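Below is one structure; the comments refer to it alone.
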Amino acid sequence: MSILTIDDDLYVLNELGNPIKLTLRNWTNLLEDWSRMERQWVVIINRIIVSLNRQVKTPSMYGIKECAQGGDCMFGCIAEAFNSVLEKDKYTIQDIRNEAMKNISSDNFEILKNEYITAKESDEISWDPSELKTYQDLQKLISEPGTIWGDYSILDLLRQSMNFNVIIFRDEQIYNKEERVTLRDKYRLYNTMFDFDRNYPTIFLYYIEDVHFQLIGCFFTDTKEIKVLFDYNEIPEEIKVLYKQDIGKEL
């Protein structure tokens with residue numbers, strides 16, 4: 001569904017072709033594949049906003065977008081994020097897979113293969129990495145839709161070659177019932193150990209059950225825009241504080 005700008009406000013067209021104004025309250029309902037961010041994360045973010053002596057927006061400005069299924073979710077999220085700032089020559093999921101493929105070489109093949117062997121031993125993947133004989137075998141496999149799912153290693157390759165940062169929100173982490181845990185124990189950012197470069201744009205991802213990625217976006221009511229790719233000065237202050245709390249580093 002296309003977003004229109006009329007008098008500096010955002011609109012979408014309904015079935016009759018009439019414009020409907022997008023607001024903080026309705027945008028995740030009107031835009032295809034968008035939903036509200038999980039309530040527990042909203043509570044955590046709102047607490048930080050209050051600690052910064054700022055007014056909490058209701059409902060939250062944060063939403064989550066479903067970008068792809070069947071092993072292509074991470075590639076779809078990255079394509080969607082970059083396409084949000086491109087007017088033409090937009091990325092496809094295949095383009096992102098091809099970008100990952102180009103960065104596999106004889107230099108990193110054995111490292112990647114061993115990581116997949118470890119994943120196989122832990123039943124994290126169903127295919128057999130021992131059948132990979134050359135880096136070209138892995139290139140071919142990654143380039144094929146729905147084969148190798150987006151994972152930590154591929155994300156690192158893409159991050160370095162496409163020059164972006166990533167901040168990953170996790171869904172609820174399960175603990176034993178006997179353990180006394182807080183909301184912040186259950187919901188924390190994923191520590192990727194990646195370096196953060198303020199000169200590069202940043203993508204927010206939501207990581208579900210350690211297998212599925214969705215894209216996080218923000219509805220900025222002051223600038224009347226929905227963003228999924230953030231320059232450093234566009235990252236909300238509460239996310240910078242959250243990052244410092246969970247990762248232990250300044251953005």
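All residue names refer to the structure tokens as shown: chains lettered A, B, ... in order, residues numbered from 1 in each chain, ligands numbered from 1 in order.
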Per-residue DSSP, stretch 51-98 of chain A, filtered to alpha helix (DSSP H), as JSON, numbers by chain: {"A": [51, 73, 74, 75, 76, 77, 78, 79, 80, 81, 82, 83, 93, 94, 95, 96, 97, 98]}
Considering only C-alpha atoms, return as a count of residues only whatever protein or nucleic-acid residues lie within 9 Å of stretch 113-125 of chain A, sequence-local ones (same chain, fewer than 5 positions apart) excluded. 8
Can you list, as a short mmCIF file (atom, residue, chain, number, x, y, z; two decimals) with N, CA and C atoms, in the first residue's frame, every residue of stretch 45-251 of chain A that DSSP puts in strand (DSSP E or B)?
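After the write, selection-v6.cif holds the following:
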```cif
data_model
loop_
_atom_site.label_atom_id
_atom_site.label_comp_id
_atom_site.auth_asym_id
_atom_site.auth_seq_id
_atom_site.Cartn_x
_atom_site.Cartn_y
_atom_site.Cartn_z
N TYR A 62 6.42 2.71 17.97
CA TYR A 62 7.16 1.58 17.43
C TYR A 62 6.22 0.52 16.85
N GLY A 63 6.56 0.03 15.67
CA GLY A 63 5.80 -1.04 15.03
C GLY A 63 6.74 -2.09 14.45
N ILE A 64 6.16 -3.23 14.08
CA ILE A 64 6.94 -4.35 13.54
C ILE A 64 6.33 -4.77 12.22
N LYS A 65 7.20 -4.99 11.22
CA LYS A 65 6.74 -5.36 9.88
C LYS A 65 7.21 -6.75 9.51
N ASN A 165 24.61 -0.65 10.39
CA ASN A 165 24.59 -1.19 11.75
C ASN A 165 23.27 -1.93 11.96
N VAL A 166 23.25 -2.78 12.96
CA VAL A 166 22.00 -3.46 13.29
C VAL A 166 21.85 -3.53 14.80
N ILE A 167 20.62 -3.25 15.26
CA ILE A 167 20.25 -3.41 16.66
C ILE A 167 19.13 -4.44 16.69
N ILE A 168 19.31 -5.50 17.47
CA ILE A 168 18.37 -6.62 17.46
C ILE A 168 17.63 -6.72 18.79
N PHE A 169 16.30 -6.61 18.71
CA PHE A 169 15.43 -6.81 19.85
C PHE A 169 15.01 -8.28 19.87
N ARG A 170 15.01 -8.89 21.04
CA ARG A 170 14.61 -10.30 21.14
C ARG A 170 13.21 -10.41 21.74
N LEU A 189 18.15 -6.57 24.52
CA LEU A 189 18.72 -6.54 23.18
C LEU A 189 19.69 -7.71 23.01
N TYR A 190 19.77 -8.21 21.79
CA TYR A 190 20.72 -9.27 21.46
C TYR A 190 22.10 -8.66 21.27
N THR A 202 21.36 2.59 10.44
CA THR A 202 21.08 1.50 11.37
C THR A 202 19.72 0.88 11.09
N ILE A 203 19.67 -0.45 11.15
CA ILE A 203 18.43 -1.21 11.00
C ILE A 203 18.08 -1.81 12.35
N PHE A 204 16.79 -1.70 12.75
CA PHE A 204 16.29 -2.36 13.95
C PHE A 204 15.59 -3.66 13.53
N LEU A 205 16.00 -4.78 14.10
CA LEU A 205 15.36 -6.06 13.80
C LEU A 205 14.73 -6.64 15.06
N TYR A 206 13.64 -7.39 14.86
CA TYR A 206 13.00 -8.12 15.95
C TYR A 206 13.23 -9.60 15.70
N TYR A 207 13.81 -10.30 16.68
CA TYR A 207 14.25 -11.69 16.52
C TYR A 207 13.34 -12.59 17.35
N ILE A 208 12.59 -13.45 16.66
CA ILE A 208 11.56 -14.24 17.31
C ILE A 208 11.99 -15.70 17.40
N HIS A 212 13.32 -16.29 13.46
CA HIS A 212 12.58 -15.43 12.52
C HIS A 212 12.85 -13.96 12.79
N PHE A 213 13.08 -13.21 11.70
CA PHE A 213 13.34 -11.77 11.81
C PHE A 213 12.16 -10.97 11.27
N GLN A 214 11.83 -9.90 11.97
CA GLN A 214 10.91 -8.89 11.48
C GLN A 214 11.59 -7.53 11.58
N LEU A 215 11.07 -6.57 10.84
CA LEU A 215 11.67 -5.23 10.79
C LEU A 215 10.93 -4.29 11.74
N ILE A 216 11.68 -3.51 12.50
CA ILE A 216 11.08 -2.55 13.42
C ILE A 216 11.13 -1.16 12.79
N GLY A 217 10.02 -0.45 12.88
CA GLY A 217 9.96 0.91 12.36
C GLY A 217 9.36 1.86 13.37
N CYS A 218 9.51 3.15 13.11
CA CYS A 218 9.01 4.19 14.02
C CYS A 218 8.17 5.20 13.24
N PHE A 219 7.04 5.57 13.82
CA PHE A 219 6.20 6.64 13.28
C PHE A 219 6.56 7.93 14.02
N PHE A 220 7.25 8.82 13.32
CA PHE A 220 7.65 10.10 13.93
C PHE A 220 6.56 11.13 13.66
N GLU A 225 6.76 11.02 9.34
CA GLU A 225 7.37 9.99 8.50
C GLU A 225 7.47 8.69 9.28
N ILE A 226 7.49 7.61 8.53
CA ILE A 226 7.69 6.29 9.09
C ILE A 226 9.06 5.82 8.64
N LYS A 227 9.95 5.56 9.59
CA LYS A 227 11.33 5.22 9.26
C LYS A 227 11.65 3.79 9.65
N PHE A 230 17.77 4.24 9.88
CA PHE A 230 18.01 5.41 10.71
C PHE A 230 19.44 5.91 10.60
#
```
Give me, as an MDAnalysis selection string, all polymer residues having an atom no more than 12 Å from A:Tyr91, counting only C-alpha atoms and skipping those fewer than 6 positions away in the same chain. chainID A and resid 75:85 97:99 162
Could you turn the residues from that selection into a file that holds C-alpha atoms, as a PDB file, in the first residue's frame?
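The resulting file, result.pdb, is reproduced below:
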```
ATOM      1  CA  PHE A  75      17.141 -10.811   3.659  1.00  0.00           C
ATOM      2  CA  GLY A  76      13.656  -9.328   3.256  1.00  0.00           C
ATOM      3  CA  CYS A  77      14.095  -7.042   6.259  1.00  0.00           C
ATOM      4  CA  ILE A  78      17.387  -5.684   4.950  1.00  0.00           C
ATOM      5  CA  ALA A  79      15.921  -5.124   1.480  1.00  0.00           C
ATOM      6  CA  GLU A  80      12.869  -3.372   2.932  1.00  0.00           C
ATOM      7  CA  ALA A  81      15.019  -1.103   5.097  1.00  0.00           C
ATOM      8  CA  PHE A  82      17.252   0.083   2.253  1.00  0.00           C
ATOM      9  CA  ASN A  83      14.346   0.344  -0.199  1.00  0.00           C
ATOM     10  CA  SER A  84      12.675   2.824   2.150  1.00  0.00           C
ATOM     11  CA  VAL A  85      15.191   5.478   1.064  1.00  0.00           C
ATOM     12  CA  ARG A  97      21.278 -13.090  -1.038  1.00  0.00           C
ATOM     13  CA  ASN A  98      23.615 -12.349  -3.943  1.00  0.00           C
ATOM     14  CA  GLU A  99      25.365  -9.706  -1.853  1.00  0.00           C
ATOM     15  CA  MET A 162      26.578  -2.962   2.668  1.00  0.00           C
TER      16      MET A 162
END
```
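In this model, the gap between atom CA of A:Asp185 and atom CA of A:Gln69 comes to 28.6 Å.
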A:Leu10: which residues within 9 Å, counting only C-alpha atoms, same-chain residues fewer than 5 positions away excluded, as a PyMOL selection string? chain A and resi 3-5+20-23+224-225
Could you write those residues out with C-alpha atoms, as a PDB file, in the first residue's frame?
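To be explicit, this is the file written out as again-v4.pdb:
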```
ATOM      1  CA  ILE A   3       1.862   6.182   1.361  1.00  0.00           C
ATOM      2  CA  LEU A   4       0.918   9.647   0.134  1.00  0.00           C
ATOM      3  CA  THR A   5       2.001  12.990   1.559  1.00  0.00           C
ATOM      4  CA  ILE A  20      -7.190   8.137   5.023  1.00  0.00           C
ATOM      5  CA  LYS A  21      -4.842  10.044   7.275  1.00  0.00           C
ATOM      6  CA  LEU A  22      -2.234   7.945   9.081  1.00  0.00           C
ATOM      7  CA  THR A  23      -1.945   8.632  12.794  1.00  0.00           C
ATOM      8  CA  LYS A 224       5.394  12.981   9.730  1.00  0.00           C
ATOM      9  CA  GLU A 225       7.369   9.995   8.504  1.00  0.00           C
TER      10      GLU A 225
END
```
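Around A:Tyr243, within 10 Å and counting only C-alpha atoms, the residues found are A:Ile167, A:Ile168, A:Arg188, A:Leu189, A:Tyr190, A:Asn191, A:Glu237, A:Glu238, A:Ile239, A:Lys240, A:Val241, A:Gln245, A:Asp246, A:Ile247, A:Gly248, A:Lys249, A:Glu250, A:Leu251, once anything fewer than 2 positions away on its own chain is removed.
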Okay, now the selection with N, CA and C atoms, as a compact mmCIF listing (two decimals), in the first residue's frame?
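Saved to part23.txt:
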```
# COMPACT_ATOMS: atom_id res chain seq x y z
N ILE A 167 20.62 -3.25 15.26
CA ILE A 167 20.25 -3.41 16.66
C ILE A 167 19.13 -4.44 16.69
N ILE A 168 19.31 -5.50 17.47
CA ILE A 168 18.37 -6.62 17.46
C ILE A 168 17.63 -6.72 18.79
N ARG A 188 15.66 -8.31 26.47
CA ARG A 188 16.91 -7.56 26.34
C ARG A 188 17.34 -7.57 24.88
N LEU A 189 18.15 -6.57 24.52
CA LEU A 189 18.72 -6.54 23.18
C LEU A 189 19.69 -7.71 23.01
N TYR A 190 19.77 -8.21 21.79
CA TYR A 190 20.72 -9.27 21.46
C TYR A 190 22.10 -8.66 21.27
N ASN A 191 23.08 -9.19 21.98
CA ASN A 191 24.44 -8.66 21.87
C ASN A 191 25.15 -9.31 20.69
N GLU A 237 16.43 8.71 21.31
CA GLU A 237 17.31 8.73 22.47
C GLU A 237 17.07 7.54 23.39
N GLU A 238 15.83 7.09 23.50
CA GLU A 238 15.54 5.96 24.38
C GLU A 238 16.21 4.67 23.89
N ILE A 239 16.40 4.55 22.57
CA ILE A 239 17.07 3.36 22.04
C ILE A 239 18.57 3.44 22.35
N LYS A 240 19.12 4.64 22.30
CA LYS A 240 20.53 4.79 22.67
C LYS A 240 20.76 4.43 24.13
N VAL A 241 19.82 4.83 25.00
CA VAL A 241 19.92 4.48 26.42
C VAL A 241 19.75 2.98 26.60
N GLN A 245 22.37 0.26 28.26
CA GLN A 245 21.99 -0.61 29.37
C GLN A 245 22.25 -2.08 29.06
N ASP A 246 21.86 -2.51 27.86
CA ASP A 246 21.91 -3.94 27.54
C ASP A 246 23.24 -4.40 26.96
N ILE A 247 23.88 -3.56 26.19
CA ILE A 247 25.12 -3.96 25.51
C ILE A 247 26.35 -3.44 26.25
N GLY A 248 26.15 -2.37 27.03
CA GLY A 248 27.26 -1.84 27.82
C GLY A 248 28.16 -0.90 27.05
N LYS A 249 27.68 -0.40 25.90
CA LYS A 249 28.48 0.52 25.09
C LYS A 249 27.62 1.71 24.67
N GLU A 250 28.28 2.83 24.43
CA GLU A 250 27.60 3.99 23.86
C GLU A 250 27.41 3.77 22.37
N LEU A 251 26.27 4.20 21.88
CA LEU A 251 26.08 4.20 20.43
C LEU A 251 26.85 5.35 19.83
```
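Distance-wise, atom CA of A:Asp156 and atom CA of A:Thr192 end up 9.0 Å apart.
From atom CA of A:Lys186 back to atom CA of A:Gly71, the distance works out to 25.6 Å.
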I'd like a table as a Markdown table: residues in stretch 85-185 of chain A with an atom no more than 9 Å from stretch 31-40 of chain A, each row giving the shortest atom pair and its distance in Å to one decimal, only C-alpha atoms counted, sorted by chain and rising residue number.
```
| residue | atom | partner | partner_atom | distance |
| --- | --- | --- | --- | --- |
| A:Asp171 | CA | A:Glu38 | CA | 8.2 |
| A:Glu172 | CA | A:Gln40 | CA | 8.7 |
| A:Leu183 | CA | A:Gln40 | CA | 7.6 |
```
Please produce a file of those selected residues containing N, CA and C atoms, as an mmCIF file, in the first residue's frame.
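Output contents, as saved in part.cif:
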```cif
data_model
loop_
_atom_site.group_PDB
_atom_site.id
_atom_site.type_symbol
_atom_site.label_atom_id
_atom_site.label_comp_id
_atom_site.auth_asym_id
_atom_site.auth_seq_id
_atom_site.Cartn_x
_atom_site.Cartn_y
_atom_site.Cartn_z
ATOM 1 N N ASP A 171 12.515 -11.501 21.404
ATOM 2 C CA ASP A 171 11.251 -11.753 22.075
ATOM 3 C C ASP A 171 11.538 -12.329 23.463
ATOM 4 N N GLU A 172 10.535 -12.739 24.146
ATOM 5 C CA GLU A 172 10.685 -13.148 25.546
ATOM 6 C C GLU A 172 11.633 -14.335 25.687
ATOM 7 N N LEU A 183 11.168 -8.211 34.264
ATOM 8 C CA LEU A 183 10.816 -7.942 32.867
ATOM 9 C C LEU A 183 12.067 -7.713 32.040
#
```
With distances taken over only C-alpha atoms, the candidate from A:Asp210, A:Pro201, A:Glu110, A:Tyr187 nearest A:Tyr152 is A:Asp210
